[in-house]
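Novice: Dropping in final18.tsv, which is TSV, C-alpha atoms and all ligand atoms:
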chain	number	residue	atom	x	y	z
A	225	MET	CA	10.98	-7.26	18.56
A	226	HIS	CA	9.46	-10.76	18.80
A	227	ILE	CA	8.36	-12.39	15.56
A	228	LEU	CA	6.18	-15.46	15.21
A	229	GLY	CA	7.22	-17.32	12.03
A	230	ILE	CA	4.93	-19.85	10.35
A	231	GLU	CA	5.91	-22.21	7.53
A	232	THR	CA	3.66	-24.78	5.80
A	233	SER	CA	4.67	-24.54	2.13
A	234	CYS	CA	5.53	-28.21	1.70
A	235	ASP	CA	5.61	-31.13	4.14
A	236	ASP	CA	6.85	-29.52	7.36
A	237	THR	CA	4.50	-27.80	9.79
A	238	ALA	CA	6.84	-25.30	11.40
A	239	VAL	CA	6.44	-22.45	13.88
A	240	ALA	CA	9.21	-20.38	15.51
A	241	VAL	CA	9.60	-17.43	17.82
A	242	VAL	CA	12.56	-15.23	16.92
A	243	LYS	CA	13.82	-12.12	18.67
A	244	ALA	CA	15.13	-9.66	16.09
A	245	GLU	CA	17.06	-6.45	16.68
A	246	GLY	CA	19.77	-4.21	15.26
A	247	GLY	CA	18.03	-3.01	12.08
A	248	LEU	CA	19.57	-3.34	8.63
A	249	LYS	CA	22.99	-2.14	9.82
A	250	ARG	CA	23.46	-4.90	12.35
A	251	PRO	CA	20.65	-7.45	12.14
A	252	LEU	CA	20.81	-9.88	15.01
A	253	PHE	CA	18.55	-12.85	15.61
A	254	SER	CA	17.96	-15.03	18.63
A	255	VAL	CA	15.90	-18.08	17.93
A	256	LEU	CA	13.80	-18.60	21.05
A	257	SER	CA	11.98	-21.64	19.67
A	258	ASN	CA	11.99	-23.46	16.35
A	259	ILE	CA	9.43	-26.27	16.24
A	260	SER	CA	8.87	-28.46	13.25
A	261	TYR	CA	6.58	-31.41	12.63
A	262	SER	CA	7.82	-33.46	9.69
A	263	GLN	CA	5.34	-35.38	7.52
A	264	VAL	CA	7.94	-37.77	6.12
A	265	ALA	CA	6.26	-40.79	7.77
A	266	ILE	CA	2.98	-39.91	6.01
A	267	HIS	CA	4.42	-39.50	2.50
A	268	LYS	CA	7.15	-42.15	2.63
A	269	LYS	CA	5.00	-44.99	1.36
A	270	PHE	CA	3.99	-42.93	-1.70
A	271	GLY	CA	7.61	-42.07	-2.57
A	272	GLY	CA	6.77	-38.33	-2.70
A	273	ILE	CA	4.53	-35.66	-1.22
A	274	VAL	CA	0.77	-36.13	-1.63
A	275	PRO	CA	-0.68	-32.57	-1.51
A	276	ASN	CA	-4.05	-33.46	0.04
A	277	LEU	CA	-2.48	-35.54	2.78
A	278	ALA	CA	0.03	-32.74	3.38
A	279	SER	CA	-2.66	-30.09	3.90
A	280	ARG	CA	-4.65	-32.41	6.18
A	281	ALA	CA	-1.58	-33.04	8.35
A	282	HIS	CA	-0.80	-29.28	8.45
A	283	LEU	CA	-4.37	-28.62	9.67
A	284	GLU	CA	-3.99	-31.20	12.39
A	285	LYS	CA	-0.56	-30.05	13.59
A	286	ILE	CA	-0.48	-26.28	13.13
A	287	THR	CA	-2.21	-25.40	16.43
A	288	PRO	CA	-0.18	-27.72	18.71
A	289	THR	CA	3.03	-26.70	16.90
A	290	ALA	CA	2.27	-23.01	17.46
A	291	LYS	CA	1.35	-23.62	21.11
A	292	THR	CA	4.67	-25.38	21.72
A	293	ALA	CA	6.64	-22.67	19.92
A	294	LEU	CA	5.10	-20.05	22.20
A	295	LEU	CA	5.36	-22.18	25.33
A	296	ILE	CA	9.10	-22.87	25.16
A	297	PRO	CA	10.23	-19.23	25.52
A	298	ARG	CA	7.13	-18.50	27.68
A	299	ILE	CA	6.00	-15.82	25.31
A	300	ASN	CA	2.37	-14.80	25.22
A	301	SER	CA	0.50	-13.17	22.37
A	302	ASP	CA	0.95	-9.64	23.84
A	303	GLU	CA	4.71	-9.97	23.44
A	304	ILE	CA	4.53	-10.90	19.74
A	305	ASP	CA	5.12	-7.81	17.59
A	306	LEU	CA	4.82	-9.34	14.14
A	307	ILE	CA	3.54	-12.49	12.44
A	308	ALA	CA	5.48	-13.71	9.38
A	309	VAL	CA	4.08	-16.52	7.26
A	310	THR	CA	5.19	-18.22	4.06
A	311	ARG	CA	2.80	-17.20	1.30
A	312	GLY	CA	4.57	-18.97	-1.58
A	313	PRO	CA	5.96	-20.65	-3.57
A	314	GLY	CA	4.86	-24.15	-2.62
A	315	LEU	CA	1.90	-26.50	-2.67
A	316	LEU	CA	-1.28	-24.42	-2.59
A	317	PRO	CA	-3.26	-26.71	-0.24
A	318	SER	CA	-0.33	-26.61	2.20
A	319	LEU	CA	0.27	-22.85	1.90
A	320	LEU	CA	-3.41	-22.10	2.51
A	321	VAL	CA	-3.32	-23.75	5.94
A	322	GLY	CA	-0.41	-21.62	7.18
A	323	VAL	CA	-1.63	-18.40	5.60
A	324	ASN	CA	-5.16	-18.74	6.96
A	325	PHE	CA	-3.94	-19.77	10.40
A	326	ALA	CA	-1.63	-16.75	10.49
A	327	ARG	CA	-4.35	-14.40	9.28
A	328	ALA	CA	-6.72	-15.66	11.98
A	329	LEU	CA	-4.06	-15.07	14.65
A	330	ALA	CA	-3.30	-11.59	13.31
A	331	TYR	CA	-6.99	-10.71	13.42
A	332	LYS	CA	-7.51	-12.15	16.90
A	333	TRP	CA	-4.35	-10.61	18.37
A	334	GLN	CA	-4.60	-7.42	16.30
A	335	LYS	CA	-0.98	-7.76	15.17
A	336	PRO	CA	0.66	-6.84	11.86
A	337	ILE	CA	1.33	-9.70	9.49
A	338	ILE	CA	3.79	-10.13	6.62
A	339	GLY	CA	3.66	-12.70	3.81
A	340	VAL	CA	7.11	-14.16	3.11
A	341	ASN	CA	8.62	-15.72	0.00
A	342	HIS	CA	9.88	-19.17	0.98
A	343	ILE	CA	12.98	-18.89	-1.22
A	344	GLU	CA	13.85	-15.54	0.34
A	345	GLY	CA	13.43	-17.35	3.67
A	346	HIS	CA	16.11	-19.85	2.65
A	347	ILE	CA	18.44	-16.98	1.72
A	348	TYR	CA	17.99	-15.33	5.13
A	349	SER	CA	18.60	-18.66	6.90
A	350	ASN	CA	22.24	-17.63	6.48
A	351	TRP	CA	21.71	-14.79	8.95
A	352	LEU	CA	20.54	-17.18	11.67
A	353	GLN	CA	22.88	-18.70	14.16
A	354	HIS	CA	22.70	-20.57	17.43
A	355	PHE	CA	19.77	-22.84	17.76
A	356	ILE	CA	18.25	-22.34	21.18
A	357	SER	CA	15.45	-24.75	21.85
A	358	THR	CA	15.28	-27.58	24.33
A	359	THR	CA	18.88	-26.82	25.21
A	360	PHE	CA	18.42	-23.13	25.99
A	361	ARG	CA	19.68	-21.82	29.27
A	362	ARG	CA	17.76	-19.52	31.53
A	363	SER	CA	19.04	-16.54	33.45
A	364	SER	CA	18.22	-16.03	37.11
A	365	GLU	CA	15.23	-13.85	36.14
A	366	SER	CA	13.96	-16.81	34.07
A	367	GLY	CA	14.74	-14.94	30.85
A	368	ILE	CA	16.58	-16.79	28.10
A	369	ILE	CA	20.28	-16.23	27.69
A	370	GLU	CA	20.53	-15.34	24.06
A	371	ASN	CA	23.83	-16.49	22.78
A	372	SER	CA	23.87	-14.79	19.41
A	373	THR	CA	26.83	-13.87	17.28
A	374	PHE	CA	27.00	-11.62	14.30
A	375	ARG	CA	27.81	-12.57	10.73
A	376	ILE	CA	29.02	-9.88	8.39
A	377	ILE	CA	27.37	-10.49	5.05
A	378	LYS	CA	28.45	-7.94	2.47
A	379	PHE	CA	26.68	-7.15	-0.79
A	380	PRO	CA	26.62	-7.99	-3.62
A	381	ALA	CA	26.23	-11.58	-2.43
A	382	LEU	CA	26.01	-14.60	-4.68
A	383	ILE	CA	23.61	-17.27	-3.47
A	384	LEU	CA	23.18	-20.78	-4.78
A	385	ILE	CA	19.64	-21.84	-3.89
A	386	VAL	CA	19.18	-25.59	-3.95
A	387	SER	CA	15.95	-27.07	-2.65
A	388	GLY	CA	13.39	-29.70	-3.60
A	389	GLY	CA	11.65	-27.38	-6.05
A	390	HIS	CA	14.27	-24.75	-6.90
A	391	THR	CA	17.80	-24.48	-8.21
A	392	GLU	CA	18.82	-20.88	-8.81
A	393	LEU	CA	21.90	-18.70	-8.80
A	394	VAL	CA	20.93	-15.35	-7.38
A	395	LEU	CA	22.82	-12.11	-7.14
A	396	MET	CA	21.67	-10.20	-4.07
A	397	LYS	CA	22.55	-6.53	-4.44
A	398	ASP	CA	21.01	-5.43	-1.16
A	399	TYR	CA	18.36	-6.55	1.30
A	400	GLY	CA	15.37	-7.61	-0.80
A	401	LYS	CA	17.09	-6.87	-4.14
A	402	TYR	CA	17.61	-10.00	-6.20
A	403	LYS	CA	18.60	-10.84	-9.72
A	404	ILE	CA	18.22	-14.46	-10.83
A	405	ILE	CA	21.22	-15.05	-13.11
A	406	GLY	CA	20.51	-18.72	-13.74
A	407	GLU	CA	18.07	-21.46	-12.85
A	408	THR	CA	17.15	-25.02	-13.67
A	409	LEU	CA	15.49	-25.65	-16.98
A	410	ASP	CA	13.76	-28.78	-15.69
A	411	ASP	CA	14.27	-30.66	-12.39
A	412	ALA	CA	15.72	-29.04	-9.26
A	413	ALA	CA	18.84	-30.48	-7.60
A	414	GLY	CA	16.82	-31.77	-4.62
A	415	GLU	CA	14.29	-33.28	-7.00
A	416	CYS	CA	17.14	-35.08	-8.76
A	417	PHE	CA	18.37	-36.48	-5.43
A	418	ASP	CA	14.80	-37.59	-4.61
A	419	LYS	CA	14.03	-39.15	-8.00
A	420	THR	CA	17.33	-41.00	-8.35
A	421	ALA	CA	17.00	-42.26	-4.76
A	422	ARG	CA	13.65	-43.68	-5.80
A	423	ILE	CA	15.30	-45.54	-8.71
A	424	LEU	CA	17.77	-47.03	-6.22
A	425	GLY	CA	14.90	-47.95	-3.88
A	426	LEU	CA	16.20	-45.68	-1.11
A	427	GLY	CA	12.91	-44.13	-0.04
A	428	PHE	CA	11.92	-40.54	0.63
A	429	PRO	CA	13.38	-37.95	1.05
A	430	GLY	CA	16.15	-39.10	-1.22
A	431	GLY	CA	18.81	-36.44	-0.60
A	432	PRO	CA	19.80	-37.47	2.92
A	433	ALA	CA	19.58	-41.18	1.98
A	434	ILE	CA	21.91	-40.78	-1.02
A	435	ALA	CA	24.28	-38.54	0.94
A	436	GLN	CA	24.54	-41.02	3.80
A	437	LEU	CA	25.33	-43.98	1.51
A	438	ALA	CA	27.70	-41.95	-0.65
A	439	ASP	CA	29.67	-40.57	2.30
A	440	LYS	CA	30.01	-44.03	3.85
A	441	TRP	CA	31.20	-45.44	0.53
A	442	GLU	CA	33.75	-42.66	0.02
A	443	LYS	CA	35.11	-43.11	3.52
A	444	ASN	CA	35.73	-46.82	3.09
A	445	LYS	CA	36.73	-46.78	-0.57
A	446	LEU	CA	40.47	-46.87	0.08
A	447	PHE	CA	40.23	-50.14	1.95
A	448	ARG	CA	38.47	-51.87	-0.88
A	449	THR	CA	41.07	-51.77	-3.64
A	450	HIS	CA	42.87	-55.03	-4.08
A	451	ILE	CA	45.65	-56.12	-6.41
A	452	LEU	CA	44.89	-58.56	-9.23
A	453	PRO	CA	47.20	-60.55	-11.46
A	454	ILE	CA	48.01	-58.55	-14.61
A	455	GLY	CA	45.41	-58.99	-17.31
A	456	GLN	CA	42.77	-60.36	-14.97
A	457	LYS	CA	39.53	-58.40	-14.78
A	458	CYS	CA	37.83	-58.02	-11.46
A	459	VAL	CA	34.14	-58.86	-11.21
A	460	HIS	CA	33.57	-56.81	-8.07
A	461	ILE	CA	31.58	-53.60	-8.46
A	462	GLU	CA	33.90	-52.07	-5.87
A	463	CYS	CA	36.63	-52.25	-8.48
A	464	ALA	CA	34.39	-51.31	-11.39
A	465	HIS	CA	33.25	-48.07	-9.77
A	466	ARG	CA	35.88	-46.03	-11.49
A	467	GLN	CA	34.30	-46.88	-14.82
A	468	ILE	CA	30.88	-45.79	-13.58
A	469	LYS	CA	30.59	-42.23	-14.75
A	470	LEU	CA	27.41	-40.20	-14.94
A	471	PRO	CA	27.02	-37.09	-17.10
A	472	ARG	CA	27.46	-33.62	-15.57
A	473	PRO	CA	24.64	-31.87	-17.46
A	474	MET	CA	25.39	-28.34	-18.77
A	475	ILE	CA	28.64	-28.16	-16.81
A	476	ASN	CA	30.40	-26.52	-19.77
A	477	SER	CA	27.55	-24.30	-20.97
A	478	LYS	CA	28.38	-20.61	-20.89
A	479	ASP	CA	25.25	-19.61	-18.98
A	480	TYR	CA	24.27	-20.12	-15.34
A	481	ASN	CA	21.40	-22.49	-16.01
A	482	PHE	CA	21.09	-26.08	-14.83
A	483	SER	CA	19.39	-29.22	-16.08
A	484	PHE	CA	19.02	-32.35	-13.98
A	485	SER	CA	16.35	-34.43	-15.72
A	486	GLY	CA	18.91	-36.05	-18.07
A	487	LEU	CA	20.95	-37.16	-15.09
A	488	LYS	CA	17.93	-38.96	-13.68
A	489	THR	CA	17.44	-40.80	-17.00
A	490	ALA	CA	21.15	-41.70	-17.14
A	491	VAL	CA	20.89	-43.17	-13.63
A	492	LEU	CA	17.89	-45.26	-14.69
A	493	TYR	CA	19.73	-46.74	-17.71
A	494	LEU	CA	22.90	-47.37	-15.74
A	495	TYR	CA	21.01	-48.96	-12.87
A	496	ASN	CA	19.08	-51.27	-15.24
A	497	ASP	CA	22.38	-52.31	-16.80
A	498	LEU	CA	24.18	-52.87	-13.48
A	499	VAL	CA	21.43	-54.94	-11.84
A	500	LYS	CA	22.03	-57.59	-14.49
A	501	LYS	CA	25.63	-58.01	-13.28
A	502	TYR	CA	25.77	-57.13	-9.58
A	503	PRO	CA	23.62	-57.48	-6.46
A	504	ILE	CA	21.55	-54.36	-5.67
A	505	SER	CA	23.21	-53.92	-2.28
A	506	LYS	CA	26.56	-53.47	-4.08
A	507	ILE	CA	25.21	-51.12	-6.76
A	508	ARG	CA	23.49	-48.69	-4.41
A	509	PRO	CA	26.52	-47.13	-2.66
A	510	VAL	CA	28.54	-46.85	-5.87
A	511	LEU	CA	25.72	-45.14	-7.73
A	512	ALA	CA	24.79	-42.97	-4.73
A	513	CYS	CA	28.38	-41.71	-4.63
A	514	GLU	CA	28.45	-40.94	-8.35
A	515	ILE	CA	25.01	-39.24	-8.25
A	516	GLN	CA	26.14	-37.00	-5.38
A	517	ASN	CA	29.41	-36.21	-7.16
A	518	ALA	CA	27.65	-35.41	-10.45
A	519	ILE	CA	25.15	-33.02	-8.82
A	520	VAL	CA	27.77	-31.35	-6.62
A	521	ASP	CA	30.24	-30.96	-9.52
A	522	VAL	CA	27.67	-29.08	-11.61
A	523	LEU	CA	26.52	-26.87	-8.74
A	524	ILE	CA	30.10	-25.91	-7.87
A	525	ALA	CA	31.21	-25.33	-11.46
A	526	LYS	CA	28.34	-22.90	-12.13
A	527	THR	CA	28.82	-21.09	-8.83
A	528	LEU	CA	32.54	-20.62	-9.50
A	529	MET	CA	31.81	-19.32	-12.99
A	530	ALA	CA	29.48	-16.73	-11.43
A	531	VAL	CA	32.10	-15.87	-8.78
A	532	LYS	CA	34.63	-15.11	-11.54
A	533	ASN	CA	32.24	-13.02	-13.61
A	534	TYR	CA	30.36	-11.12	-10.90
A	535	ASN	CA	33.00	-10.63	-8.21
A	536	PRO	CA	30.62	-10.94	-5.25
A	537	LYS	CA	31.69	-9.89	-1.74
A	538	THR	CA	30.00	-12.92	-0.14
A	539	VAL	CA	29.00	-16.37	-1.38
A	540	MET	CA	26.26	-18.43	0.28
A	541	ILE	CA	24.30	-21.60	-0.30
A	542	ALA	CA	20.70	-22.06	0.82
A	543	GLY	CA	17.81	-24.55	0.65
A	544	GLY	CA	17.46	-28.18	1.73
A	545	VAL	CA	20.34	-29.46	-0.44
A	546	SER	CA	22.66	-26.99	1.32
A	547	ALA	CA	22.58	-29.54	4.18
A	548	ASN	CA	24.67	-31.81	1.94
A	549	LYS	CA	28.08	-32.32	3.53
A	550	LYS	CA	29.90	-32.92	0.26
A	551	LEU	CA	28.49	-29.72	-1.26
A	552	ARG	CA	29.37	-27.66	1.83
A	553	GLU	CA	32.92	-29.01	2.07
A	554	GLU	CA	33.80	-29.04	-1.64
A	555	MET	CA	32.36	-25.56	-2.21
A	556	SER	CA	34.29	-24.19	0.72
A	557	ILE	CA	37.55	-25.68	-0.64
A	558	LYS	CA	36.95	-24.42	-4.19
A	559	ILE	CA	35.99	-20.89	-3.12
A	560	ALA	CA	38.91	-20.50	-0.69
A	561	PRO	CA	41.42	-19.33	-3.38
A	562	TYR	CA	39.10	-16.40	-4.25
A	563	LYS	CA	39.32	-15.14	-0.65
A	564	ILE	CA	35.60	-14.39	-0.54
A	565	PRO	CA	33.69	-15.18	2.68
A	566	PHE	CA	31.60	-18.31	2.15
A	567	PHE	CA	28.59	-19.00	4.38
A	568	VAL	CA	26.38	-22.03	4.78
A	569	PRO	CA	23.25	-22.10	6.95
A	570	GLU	CA	23.51	-24.00	10.20
A	571	LEU	CA	22.15	-27.50	9.64
A	572	SER	CA	19.02	-26.84	11.72
A	573	TYR	CA	18.14	-23.96	9.37
A	574	ALA	CA	19.15	-25.54	6.04
A	575	THR	CA	15.98	-27.54	5.44
A	576	ASP	CA	12.52	-26.00	5.79
A	577	ASN	CA	11.96	-24.23	9.11
A	578	ALA	CA	10.00	-21.30	10.50
A	579	ALA	CA	12.91	-19.38	12.07
A	580	MET	CA	14.10	-18.35	8.60
A	581	ILE	CA	10.57	-17.12	7.80
A	582	ALA	CA	10.55	-15.00	10.97
A	583	ALA	CA	13.98	-13.54	10.07
A	584	THR	CA	12.75	-12.68	6.57
A	585	GLY	CA	9.69	-11.07	8.13
A	586	TYR	CA	12.03	-8.78	10.08
A	587	PHE	CA	13.90	-7.57	6.96
A	588	ASN	CA	10.63	-6.99	5.11
A	589	TYR	CA	9.16	-5.20	8.13
A	590	LEU	CA	12.13	-2.81	8.30
A	591	LYS	CA	11.51	-1.78	4.69
A	592	LYS	CA	7.75	-1.44	4.91
A	593	LYS	CA	5.90	-1.63	8.18
A	594	PRO	CA	2.54	-3.40	7.76
A	595	MET	CA	-0.67	-2.07	9.30
A	596	PRO	CA	-2.54	-4.00	12.01
A	597	ASP	CA	-5.27	-4.84	9.48
A	598	SER	CA	-2.77	-6.25	6.96
A	599	TRP	CA	-4.33	-9.71	7.42
A	600	LYS	CA	-7.14	-8.59	5.12
A	601	LYS	CA	-4.95	-8.47	2.04
A	602	LEU	CA	-2.68	-11.45	2.57
A	603	GLU	CA	-3.01	-14.23	0.01
A	604	ALA	CA	-1.13	-17.44	-0.77
A	605	ASN	CA	0.57	-17.66	-4.16
A	606	ALA	CA	1.87	-21.10	-5.14
A	607	ASN	CA	3.97	-19.66	-7.99
A	608	LEU	CA	5.51	-16.67	-6.19
A	609	ARG	CA	8.89	-15.61	-7.65
A	610	LEU	CA	11.79	-13.88	-5.92
B	701	LIG	O1	14.31	-26.64	1.18
B	701	LIG	P1	13.76	-27.98	1.45
B	701	LIG	O2	13.78	-28.48	2.86
B	701	LIG	O3	12.27	-28.06	0.94
B	701	LIG	C1	11.89	-27.39	-0.23
B	701	LIG	O4	11.67	-26.16	-0.16
B	701	LIG	O5	11.87	-28.07	-1.27
B	701	LIG	O6	14.55	-29.00	0.51
B	701	LIG	C2	14.18	-30.34	0.44
B	701	LIG	C3	15.15	-31.04	-0.48
B	701	LIG	C4	14.75	-32.47	-0.78
B	701	LIG	O7	14.84	-32.68	-2.16
B	701	LIG	C5	15.78	-33.28	-0.02
B	701	LIG	O8	16.06	-34.53	-0.61
B	701	LIG	C6	16.98	-32.35	-0.09
B	701	LIG	O9	16.46	-31.07	0.11
B	701	LIG	N1	17.98	-32.62	0.96
B	701	LIG	C7	19.23	-33.06	0.70
B	701	LIG	C8	19.86	-33.25	1.96
B	701	LIG	N2	18.97	-32.92	2.94
B	701	LIG	C9	17.83	-32.54	2.30
B	701	LIG	N3	19.86	-33.30	-0.46
B	701	LIG	C10	21.13	-33.74	-0.40
B	701	LIG	N4	21.80	-33.97	0.75
B	701	LIG	C11	21.21	-33.73	1.94
B	701	LIG	N5	21.88	-33.95	3.07
B	702	ZN	ZN	12.46	-25.05	1.25
Will you turn the file into structure tokens for me?
Ligand code: KG4
Ligand code: ZN

Specialist:
Amino acid sequence: MHILGIETSCDDTAVAVVKAEGGLKRPLFSVLSNISYSQVAIHKKFGGIVPNLASRAHLEKITPTAKTALLIPRINSDEIDLIAVTRGPGLLPSLLVGVNFARALAYKWQKPIIGVNHIEGHIYSNWLQHFISTTFRRSSESGIIENSTFRIIKFPALILIVSGGHTELVLMKDYGKYKIIGETLDDAAGECFDKTARILGLGFPGGPAIAQLADKWEKNKLFRTHILPIGQKCVHIECAHRQIKLPRPMINSKDYNFSFSGLKTAVLYLYNDLVKKYPISKIRPVLACEIQNAIVDVLIAKTLMAVKNYNPKTVMIAGGVSANKKLREEMSIKIAPYKIPFFVPELSYATDNAAMIAATGYFNYLKKKPMPDSWKKLEANANLRL
């Protein structure tokens, strides 16, 4: 079946067309288009997302984005079997645009519609592979060659969800069956990346900016050590970086909860102290590296603790922060001794996108098929839980 996915929960206007088949036994997805309009340029100057500007931009872009998503695979409305739209959690003014657009389409096309939980969407991004968009190939009959492979994801699965608004450890017992075993008590991991990046003056969104600086610093670190006469103290921050240590909040607590707001405060104090001694351009990479390490250390420690106690058959990460290279690589190394399959979403599906919403729509559809008039009951819910 062909599913039109729509996502507007935050600052990306995204629409995708996904072909889904195989049922629950062998779910298989081919992403025929996955179009996203990012609002980063709009919100950058404010250092964060401005809800009213976000909803206005969604309104402006949702129709052209949907048109393009349908145009690329040359699919018309008759060939769409289901509409899946994010109904929460997220910013209400943003959610309302997507939900109402989707409802209007469902009414006009007389198609069933399903409201999707955005966090569940991130989880199912792990079932998506092979991005086929501008690079797709066509067969001689002008159909798309769908180059899909199959991932075996066994339950119970342990999922670390790390996004801009959520940090949760979830035990997934079956399709649609979740138990949150731990979550953040204050800021989310992505929020911590964004807020600390702001302290360093790195702009928005902070996660990729910190990751880029940190990775570059780590790569070149070895070349920067130099030998000093015994007893002489070096004034270079490159040499002082070993003394720069941020806290790893709650890393030793016996539960699966997280807390990142203290880390943000620690960065602020440390930064204010360091700017008195070193140029900002020198402080940024050192602090970026330590911020990334601190966040990743905590996320991995808690996930491993859950691996030991719950014995999952699969481990996955999901959400925007799952795009972080350090997290992906370190987690994969640390989980390897447990011999449990570890999956990460492909980079194109790690941050917000509509293909994951379409895939989630498929799983929900298989459990409970919606009626053609389901648009009547669909509502956005900014505080929707898993
Ligand atoms: O899931 P997502 O795209 O949107 C929400 O649902 O919140 O996640 C966005 C978050 C932002 O906080 C962003 O800074 C973070 O994901 N992020 C990253 C990276 N790419 C995006 N954090 C660390 N490293 C990255 N490479
Ligand atoms: Zn998200």

Novice: Could you work out how far atom CA of Asp576 of chain A lies from atom O1 of ligand LIG 701 (chain B), giving the answer in Å with one decimal?

Specialist: 5.0 Å

Novice: Can you pull out every residue with an atom within 10 Å of ligand LIG 701 (chain B)? Use only C-alpha atoms and all ligand atoms and format it as a PyMOL selection string.

Specialist: chain A and resi 233-236+272+313-314+342-343+345-346+385-391+412-419+421+428-436+516+519-520+542-552+571+573-577

Novice: As an exercise, work out the distance from atom CA of Ala578 of chain A to atom CA of Lys403 of chain A in Å and give it to one decimal place.

Specialist: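 Result for atom CA of Ala578 of chain A versus atom CA of Lys403 of chain A: 24.3 Å, one decimal.
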
Novice: Determine, counting all atoms listed in the file, which protein, DNA and RNA residues have an atom within 7 Å of an atom of Ser483 of chain A; residues of the same chain fewer than 5 positions away are not included. Present the result as a list in words.

Specialist: Thr408, Leu409, Asp410, Asp411, Pro473 and Met474 of chain A

Novice: I'd like to know which of A:Ser349, A:Ser301, A:Asn324, A:Asn258 is closest to ligand ZN 702 (chain B), using all atoms listed in the file.

Specialist: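 Once distances to ligand ZN 702 (chain B) are computed over all atoms listed in the file, the minimum belongs to A:Ser349.
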
Novice: Mind giving me the straight-line distance from atom CA of Phe379 of chain A to atom CA of Ser556 of chain A in Å, one decimal?

Specialist: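 Between atom CA of Phe379 of chain A and atom CA of Ser556 of chain A the gap works out to 18.7 Å.
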
Novice: Given the point (19.5, -16.8, 6.3) in the coordinates of this file, which residues lie within 10 Å, counting only C-alpha atoms, and how would they look as an MDAnalysis selection string?

Specialist: chainID A and resid 344:353 540:543 567:570 573:574 579:581 583:584

Novice: A:Ala290, A:Ile273, A:Ala244, A:Ala606: which is nearest Tyr261 of chain A, counting only C-alpha atoms?

Specialist: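 That would be A:Ala290, the residue with the smallest distance to Tyr261 of chain A.
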
Novice: Find the smallest box with edges along x, y and z containing every listed atom of segment 320-339 of chain A, then add 6 Å on each side and report centre and edge lengths in Å to one decimal, as lines of an AutoDock Vina configuration file.

Specialist:
center_x = -1.9
center_y = -15.3
center_z = 10.4
size_x = 23.3
size_y = 28.9
size_z = 27.9

Novice: Write out as a PyMOL selection string each polymer residue whose atoms come within 12 Å of Lys469 of chain A, counting only C-alpha atoms; drop sequence neighbours fewer than 4 positions from it.

Specialist: chain A and resi 464-465+487+490-491+494-495+510-518

Novice: Within 8 Å of segment 587-603 of chain A, counting only C-alpha atoms, which residues qualify if same-chain residues fewer than 6 places away don't, as JSON, numbers by chain?

Specialist: {"A": [247, 248, 311, 323, 327, 328, 330, 331, 334, 335, 336, 337, 338, 339, 399, 400]}

Novice: Let me make sure I understand: among A:Asn300, A:Thr292, A:Thr420, A:Asn341, which one has the smallest atom-to-atom distance to ligand ZN 702 (chain B) if we use only C-alpha atoms and all ligand atoms?

Specialist: A:Asn341
